[in-house]
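Undergrad: Sharing work_29.csv here; it has CSV, N, CA and C atoms.
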chain,number,residue,atom,x,y,z
X,5,MET,N,-30.1,-5.9,-5.3
X,5,MET,CA,-30.0,-4.7,-4.4
X,5,MET,C,-29.3,-5.1,-3.1
X,6,ILE,N,-29.6,-6.3,-2.6
X,6,ILE,CA,-29.0,-6.7,-1.4
X,6,ILE,C,-27.5,-6.9,-1.6
X,7,GLU,N,-27.1,-7.4,-2.7
X,7,GLU,CA,-25.7,-7.6,-3.1
X,7,GLU,C,-25.0,-6.2,-3.1
X,8,ASP,N,-25.6,-5.2,-3.7
X,8,ASP,CA,-25.1,-3.9,-3.7
X,8,ASP,C,-24.9,-3.3,-2.3
X,9,ASP,N,-25.9,-3.6,-1.4
X,9,ASP,CA,-25.8,-3.1,-0.1
X,9,ASP,C,-24.6,-3.8,0.7
X,10,ALA,N,-24.5,-5.1,0.5
X,10,ALA,CA,-23.3,-5.8,1.1
X,10,ALA,C,-22.0,-5.3,0.6
X,11,THR,N,-21.9,-5.1,-0.7
X,11,THR,CA,-20.7,-4.6,-1.4
X,11,THR,C,-20.4,-3.2,-0.9
X,12,ARG,N,-21.4,-2.3,-0.8
X,12,ARG,CA,-21.2,-1.0,-0.3
X,12,ARG,C,-20.8,-0.9,1.1
X,13,PHE,N,-21.3,-1.8,2.0
X,13,PHE,CA,-20.9,-1.9,3.4
X,13,PHE,C,-19.5,-2.3,3.5
X,14,THR,N,-19.1,-3.3,2.7
X,14,THR,CA,-17.7,-3.8,2.7
X,14,THR,C,-16.7,-2.7,2.2
X,15,LEU,N,-17.1,-2.1,1.1
X,15,LEU,CA,-16.2,-1.0,0.6
X,15,LEU,C,-16.1,0.1,1.6
X,16,LYS,N,-17.2,0.5,2.3
X,16,LYS,CA,-17.1,1.6,3.3
X,16,LYS,C,-16.2,1.2,4.4
X,17,ALA,N,-16.3,-0.1,4.9
X,17,ALA,CA,-15.5,-0.5,6.0
X,17,ALA,C,-14.0,-0.5,5.6
X,18,GLU,N,-13.7,-1.0,4.4
X,18,GLU,CA,-12.3,-0.9,3.9
X,18,GLU,C,-11.8,0.5,3.8
X,19,LEU,N,-12.7,1.4,3.3
X,19,LEU,CA,-12.3,2.8,3.2
X,19,LEU,C,-12.0,3.4,4.6
X,20,LEU,N,-12.8,3.2,5.5
X,20,LEU,CA,-12.6,3.7,6.9
X,20,LEU,C,-11.3,3.1,7.5
X,21,GLU,N,-11.1,1.8,7.3
X,21,GLU,CA,-9.9,1.2,7.8
X,21,GLU,C,-8.7,1.8,7.2
X,22,GLY,N,-8.7,2.0,5.9
X,22,GLY,CA,-7.6,2.6,5.1
X,22,GLY,C,-7.3,4.1,5.6
X,23,ILE,N,-8.4,4.8,5.9
X,23,ILE,CA,-8.2,6.2,6.3
X,23,ILE,C,-7.6,6.2,7.8
X,24,GLU,N,-8.1,5.3,8.6
X,24,GLU,CA,-7.5,5.2,9.9
X,24,GLU,C,-6.0,4.9,9.9
X,25,LYS,N,-5.6,4.1,9.0
X,25,LYS,CA,-4.1,3.8,8.9
X,25,LYS,C,-3.3,4.9,8.4
X,26,LEU,N,-3.9,5.9,7.7
X,26,LEU,CA,-3.2,7.0,7.2
X,26,LEU,C,-2.6,8.0,8.3
X,27,GLY,N,-3.3,8.1,9.4
X,27,GLY,CA,-2.9,9.1,10.4
X,27,GLY,C,-3.6,10.4,10.1
X,28,LEU,N,-3.6,11.3,11.1
X,28,LEU,CA,-4.4,12.5,11.0
X,28,LEU,C,-4.0,13.4,9.8
X,29,HIS,N,-2.8,13.7,9.7
X,29,HIS,CA,-2.4,14.7,8.6
X,29,HIS,C,-2.7,14.1,7.2
X,30,GLN,N,-2.3,12.9,7.0
X,30,GLN,CA,-2.6,12.3,5.7
X,30,GLN,C,-4.1,12.1,5.4
X,31,SER,N,-4.9,11.9,6.4
X,31,SER,CA,-6.3,11.7,6.2
X,31,SER,C,-7.0,13.0,5.9
X,32,LEU,N,-6.5,14.1,6.3
X,32,LEU,CA,-7.1,15.4,6.1
X,32,LEU,C,-6.8,16.1,4.8
X,33,PHE,N,-5.6,15.8,4.3
X,33,PHE,CA,-5.1,16.5,3.1
X,33,PHE,C,-4.9,15.5,1.9
X,34,PRO,N,-5.1,16.0,0.7
X,34,PRO,CA,-5.0,15.1,-0.5
X,34,PRO,C,-3.6,14.5,-0.5
X,35,ASN,N,-3.6,13.2,-0.9
X,35,ASN,CA,-2.3,12.5,-1.1
X,35,ASN,C,-2.4,11.6,-2.2
X,36,SER,N,-1.4,10.9,-2.5
X,36,SER,CA,-1.4,10.0,-3.7
X,36,SER,C,-1.6,8.5,-3.3
X,37,ASN,N,-2.5,8.3,-2.4
X,37,ASN,CA,-2.8,6.9,-2.0
X,37,ASN,C,-3.8,6.3,-2.9
X,38,GLU,N,-3.4,5.5,-3.8
X,38,GLU,CA,-4.2,4.9,-4.9
X,38,GLU,C,-5.3,4.0,-4.3
X,39,SER,N,-5.0,3.3,-3.3
X,39,SER,CA,-6.0,2.3,-2.7
X,39,SER,C,-7.2,3.1,-2.2
X,40,ILE,N,-7.0,4.2,-1.6
X,40,ILE,CA,-8.1,5.0,-1.1
X,40,ILE,C,-8.9,5.6,-2.3
X,41,ASP,N,-8.3,6.1,-3.3
X,41,ASP,CA,-8.9,6.6,-4.5
X,41,ASP,C,-9.7,5.5,-5.2
X,42,LYS,N,-9.2,4.3,-5.2
X,42,LYS,CA,-9.9,3.2,-5.9
X,42,LYS,C,-11.2,2.8,-5.1
X,43,LEU,N,-11.1,2.8,-3.8
X,43,LEU,CA,-12.3,2.5,-3.0
X,43,LEU,C,-13.4,3.6,-3.2
X,44,VAL,N,-13.0,4.8,-3.2
X,44,VAL,CA,-13.9,5.9,-3.4
X,44,VAL,C,-14.6,5.8,-4.8
X,45,ARG,N,-13.8,5.5,-5.8
X,45,ARG,CA,-14.3,5.4,-7.2
X,45,ARG,C,-15.3,4.2,-7.2
X,46,GLN,N,-15.0,3.1,-6.6
X,46,GLN,CA,-15.9,1.9,-6.5
X,46,GLN,C,-17.2,2.3,-5.8
X,47,LEU,N,-17.1,3.0,-4.7
X,47,LEU,CA,-18.3,3.4,-4.0
X,47,LEU,C,-19.2,4.4,-4.9
X,48,GLU,N,-18.5,5.3,-5.6
X,48,GLU,CA,-19.3,6.2,-6.4
X,48,GLU,C,-20.0,5.5,-7.5
X,49,THR,N,-19.5,4.4,-8.1
X,49,THR,CA,-20.2,3.7,-9.2
X,49,THR,C,-21.4,2.9,-8.7
X,50,ILE,N,-21.4,2.5,-7.4
X,50,ILE,CA,-22.6,1.8,-6.9
X,50,ILE,C,-23.5,2.6,-6.1
X,51,ASN,N,-23.3,3.9,-6.0
X,51,ASN,CA,-24.1,4.8,-5.2
X,51,ASN,C,-25.5,4.8,-5.8
X,52,PRO,N,-26.5,4.5,-5.0
X,52,PRO,CA,-27.9,4.4,-5.5
X,52,PRO,C,-28.4,5.8,-5.9
X,53,ILE,N,-27.9,6.8,-5.3
X,53,ILE,CA,-28.3,8.2,-5.6
X,53,ILE,C,-27.3,8.7,-6.7
X,54,ARG,N,-27.8,9.0,-7.9
X,54,ARG,CA,-27.0,9.3,-9.0
X,54,ARG,C,-26.3,10.7,-8.9
X,55,GLN,N,-27.0,11.7,-8.4
X,55,GLN,CA,-26.4,13.0,-8.2
X,55,GLN,C,-26.6,13.4,-6.7
X,56,PRO,N,-25.8,12.8,-5.8
X,56,PRO,CA,-26.0,13.0,-4.4
X,56,PRO,C,-26.1,14.5,-3.9
X,57,LEU,N,-25.3,15.3,-4.5
X,57,LEU,CA,-25.3,16.7,-4.1
X,57,LEU,C,-26.5,17.5,-4.6
X,58,ALA,N,-27.2,17.0,-5.6
X,58,ALA,CA,-28.4,17.6,-6.1
X,58,ALA,C,-29.6,16.9,-5.6
X,59,SER,N,-29.5,16.0,-4.7
X,59,SER,CA,-30.6,15.2,-4.3
X,59,SER,C,-31.4,15.9,-3.1
X,60,ASN,N,-32.7,15.6,-3.1
X,60,ASN,CA,-33.5,16.1,-2.0
X,60,ASN,C,-33.2,15.4,-0.7
X,61,SER,N,-32.5,14.3,-0.8
X,61,SER,CA,-32.2,13.5,0.5
X,61,SER,C,-31.1,14.2,1.2
X,62,LEU,N,-30.4,15.1,0.6
X,62,LEU,CA,-29.3,15.9,1.3
X,62,LEU,C,-29.9,17.2,1.7
X,63,ARG,N,-30.4,17.3,2.9
X,63,ARG,CA,-31.0,18.6,3.4
X,63,ARG,C,-30.2,19.0,4.6
X,64,LEU,N,-29.5,20.0,4.5
X,64,LEU,CA,-28.6,20.5,5.6
X,64,LEU,C,-28.9,22.0,5.9
X,65,THR,N,-28.9,22.3,7.1
X,65,THR,CA,-28.9,23.7,7.5
X,65,THR,C,-27.6,24.0,8.2
X,66,LEU,N,-26.9,24.9,7.6
X,66,LEU,CA,-25.6,25.2,8.2
X,66,LEU,C,-25.7,26.7,8.7
X,67,SER,N,-25.0,26.9,9.8
X,67,SER,CA,-24.9,28.3,10.3
X,67,SER,C,-23.5,28.5,10.8
X,68,ILE,N,-23.1,29.7,10.5
X,68,ILE,CA,-21.7,30.1,10.9
X,68,ILE,C,-21.8,30.8,12.2
X,69,ILE,N,-21.1,30.4,13.1
X,69,ILE,CA,-21.1,31.0,14.5
X,69,ILE,C,-20.0,32.1,14.6
Translate the structure described by the file into C-alpha cells.
TA:
Amino acid sequence: MIEDDATRFTLKAELLEGIEKLGLHQSLFPNSNESIDKLVRQLETINPIRQPLASNSLRLTLSII
C-alpha cells in the first residue's frame, strides 16, 4: 500500500506539472495530449476507491447562486 501511495503521489505531481505546461485554454478543454491521458489512466487503475463517484466518501453539497 505504501508503494501505491508513493506511485499515486508521483503520478499526481506529474499530472499537475503537465497541466501547468498546457496553458489555460488547453488545460480547460479536451485535447489530444496523450501524456496527460496516460497519467490519468494510470491513476485510475491504482485508485483505492473502485467507484469514486458512487462512494460515500464523496459528499458534496452544491448550491446554485
Undergrad: In terms of the shortest atom-to-atom distance over all atoms listed in the file, which of X:Gly27, X:Glu7, X:Leu32, X:Arg12 is closest to Gln46 of chain X?
TA: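 Looking only at the distances to Gln46 of chain X, the closest residue turns out to be X:Arg12.
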Undergrad: Which distance in Å separates atom N of Glu38 of chain X and atom N of Ile50 of chain X, to one decimal?
TA: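 Going from atom N of Glu38 of chain X over to atom N of Ile50 of chain X, I get 18.6 Å.
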Undergrad: Give the answer as one residue: which of X:Ile40, X:Ile69, X:Leu47, X:Ile53 has the shortest atom-to-atom distance to Thr11 of chain X, using all atoms listed in the file?
TA: X:Leu47
Undergrad: Mind checking DSSP for chain X and telling me the helix (DSSP H, G or I) residues as a PyMOL selection string?
TA: chain X and resi 6-26+28-32+38-50+56-58
Undergrad: Do you have the atom CA of Leu26 of chain X-atom N of Lys42 of chain X distance handy?
TA: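 The value is 14.0 Å.
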Undergrad: Of the candidates X:Asn35, X:Gln55, X:Thr49, X:Gln30, which shows the shortest atom-to-atom distance to Leu15 of chain X, using only C-alpha atoms?
TA: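 For Leu15 of chain X, the nearest of the candidates is X:Thr49.
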Undergrad: Which distance in Å separates atom C of Thr14 of chain X and atom CA of Glu48 of chain X, to one decimal?
TA: 12.6 Å
Undergrad: Out of X:Ala10, X:Ile23, X:Leu57, X:Ala17, which residue has the shortest atom-to-atom distance to Ser39 of chain X when counting only C-alpha atoms?
TA: X:Ile23
Undergrad: How about completing segment 49-60 of chain X with all heavy atoms and giving it to me as a CSV table (one decimal), keeping the file's coordinate frame?
TA:
chain,number,residue,atom,x,y,z
X,49,THR,N,-19.5,4.4,-8.1
X,49,THR,CA,-20.2,3.7,-9.2
X,49,THR,C,-21.4,2.9,-8.7
X,49,THR,O,-22.3,2.7,-9.5
X,49,THR,CB,-19.2,2.7,-9.9
X,49,THR,OG1,-18.7,1.7,-9.0
X,49,THR,CG2,-18.1,3.4,-10.5
X,50,ILE,N,-21.4,2.5,-7.4
X,50,ILE,CA,-22.6,1.8,-6.9
X,50,ILE,C,-23.5,2.6,-6.1
X,50,ILE,O,-24.4,2.1,-5.5
X,50,ILE,CB,-22.2,0.5,-6.2
X,50,ILE,CG1,-21.3,0.8,-5.0
X,50,ILE,CG2,-21.5,-0.5,-7.1
X,50,ILE,CD1,-21.0,-0.4,-4.1
X,51,ASN,N,-23.3,3.9,-6.0
X,51,ASN,CA,-24.1,4.8,-5.2
X,51,ASN,C,-25.5,4.8,-5.8
X,51,ASN,O,-25.7,5.0,-7.0
X,51,ASN,CB,-23.5,6.2,-5.2
X,51,ASN,CG,-24.3,7.1,-4.3
X,51,ASN,OD1,-25.3,6.7,-3.7
X,51,ASN,ND2,-23.8,8.3,-4.1
X,52,PRO,N,-26.5,4.5,-5.0
X,52,PRO,CA,-27.9,4.4,-5.5
X,52,PRO,C,-28.4,5.8,-5.9
X,52,PRO,O,-29.4,5.9,-6.6
X,52,PRO,CB,-28.7,3.8,-4.4
X,52,PRO,CG,-27.9,4.0,-3.1
X,52,PRO,CD,-26.5,4.1,-3.6
X,53,ILE,N,-27.9,6.8,-5.3
X,53,ILE,CA,-28.3,8.2,-5.6
X,53,ILE,C,-27.3,8.7,-6.7
X,53,ILE,O,-26.2,8.9,-6.4
X,53,ILE,CB,-28.2,9.1,-4.4
X,53,ILE,CG1,-29.1,8.5,-3.3
X,53,ILE,CG2,-28.6,10.5,-4.7
X,53,ILE,CD1,-29.0,9.2,-1.9
X,54,ARG,N,-27.8,9.0,-7.9
X,54,ARG,CA,-27.0,9.3,-9.0
X,54,ARG,C,-26.3,10.7,-8.9
X,54,ARG,O,-25.2,10.8,-9.3
X,54,ARG,CB,-27.8,9.3,-10.3
X,54,ARG,CG,-28.2,7.9,-10.7
X,54,ARG,CD,-27.0,7.0,-11.0
X,54,ARG,NE,-27.3,5.6,-11.0
X,54,ARG,CZ,-26.5,4.7,-10.5
X,54,ARG,NH1,-25.3,5.0,-10.1
X,54,ARG,NH2,-26.9,3.4,-10.5
X,55,GLN,N,-27.0,11.7,-8.4
X,55,GLN,CA,-26.4,13.0,-8.2
X,55,GLN,C,-26.6,13.4,-6.7
X,55,GLN,O,-27.5,14.1,-6.4
X,55,GLN,CB,-27.0,14.0,-9.1
X,55,GLN,CG,-26.7,13.8,-10.5
X,55,GLN,CD,-27.3,14.8,-11.4
X,55,GLN,OE1,-28.4,15.3,-11.2
X,55,GLN,NE2,-26.6,15.2,-12.5
X,56,PRO,N,-25.8,12.8,-5.8
X,56,PRO,CA,-26.0,13.0,-4.4
X,56,PRO,C,-26.1,14.5,-3.9
X,56,PRO,O,-26.9,14.8,-3.1
X,56,PRO,CB,-24.8,12.3,-3.7
X,56,PRO,CG,-24.1,11.6,-4.8
X,56,PRO,CD,-24.6,12.1,-6.1
X,57,LEU,N,-25.3,15.3,-4.5
X,57,LEU,CA,-25.3,16.7,-4.1
X,57,LEU,C,-26.5,17.5,-4.6
X,57,LEU,O,-26.9,18.5,-4.0
X,57,LEU,CB,-24.0,17.4,-4.5
X,57,LEU,CG,-22.7,16.9,-3.9
X,57,LEU,CD1,-21.5,17.6,-4.4
X,57,LEU,CD2,-22.8,17.0,-2.3
X,58,ALA,N,-27.2,17.0,-5.6
X,58,ALA,CA,-28.4,17.6,-6.1
X,58,ALA,C,-29.6,16.9,-5.6
X,58,ALA,O,-30.7,17.3,-6.0
X,58,ALA,CB,-28.3,17.6,-7.7
X,59,SER,N,-29.5,16.0,-4.7
X,59,SER,CA,-30.6,15.2,-4.3
X,59,SER,C,-31.4,15.9,-3.1
X,59,SER,O,-30.8,16.6,-2.3
X,59,SER,CB,-30.1,13.8,-3.8
X,59,SER,OG,-31.1,13.1,-3.1
X,60,ASN,N,-32.7,15.6,-3.1
X,60,ASN,CA,-33.5,16.1,-2.0
X,60,ASN,C,-33.2,15.4,-0.7
X,60,ASN,O,-33.6,15.8,0.4
X,60,ASN,CB,-35.0,16.0,-2.3
X,60,ASN,CG,-35.4,17.0,-3.3
X,60,ASN,OD1,-34.8,18.1,-3.4
X,60,ASN,ND2,-36.5,16.7,-4.1
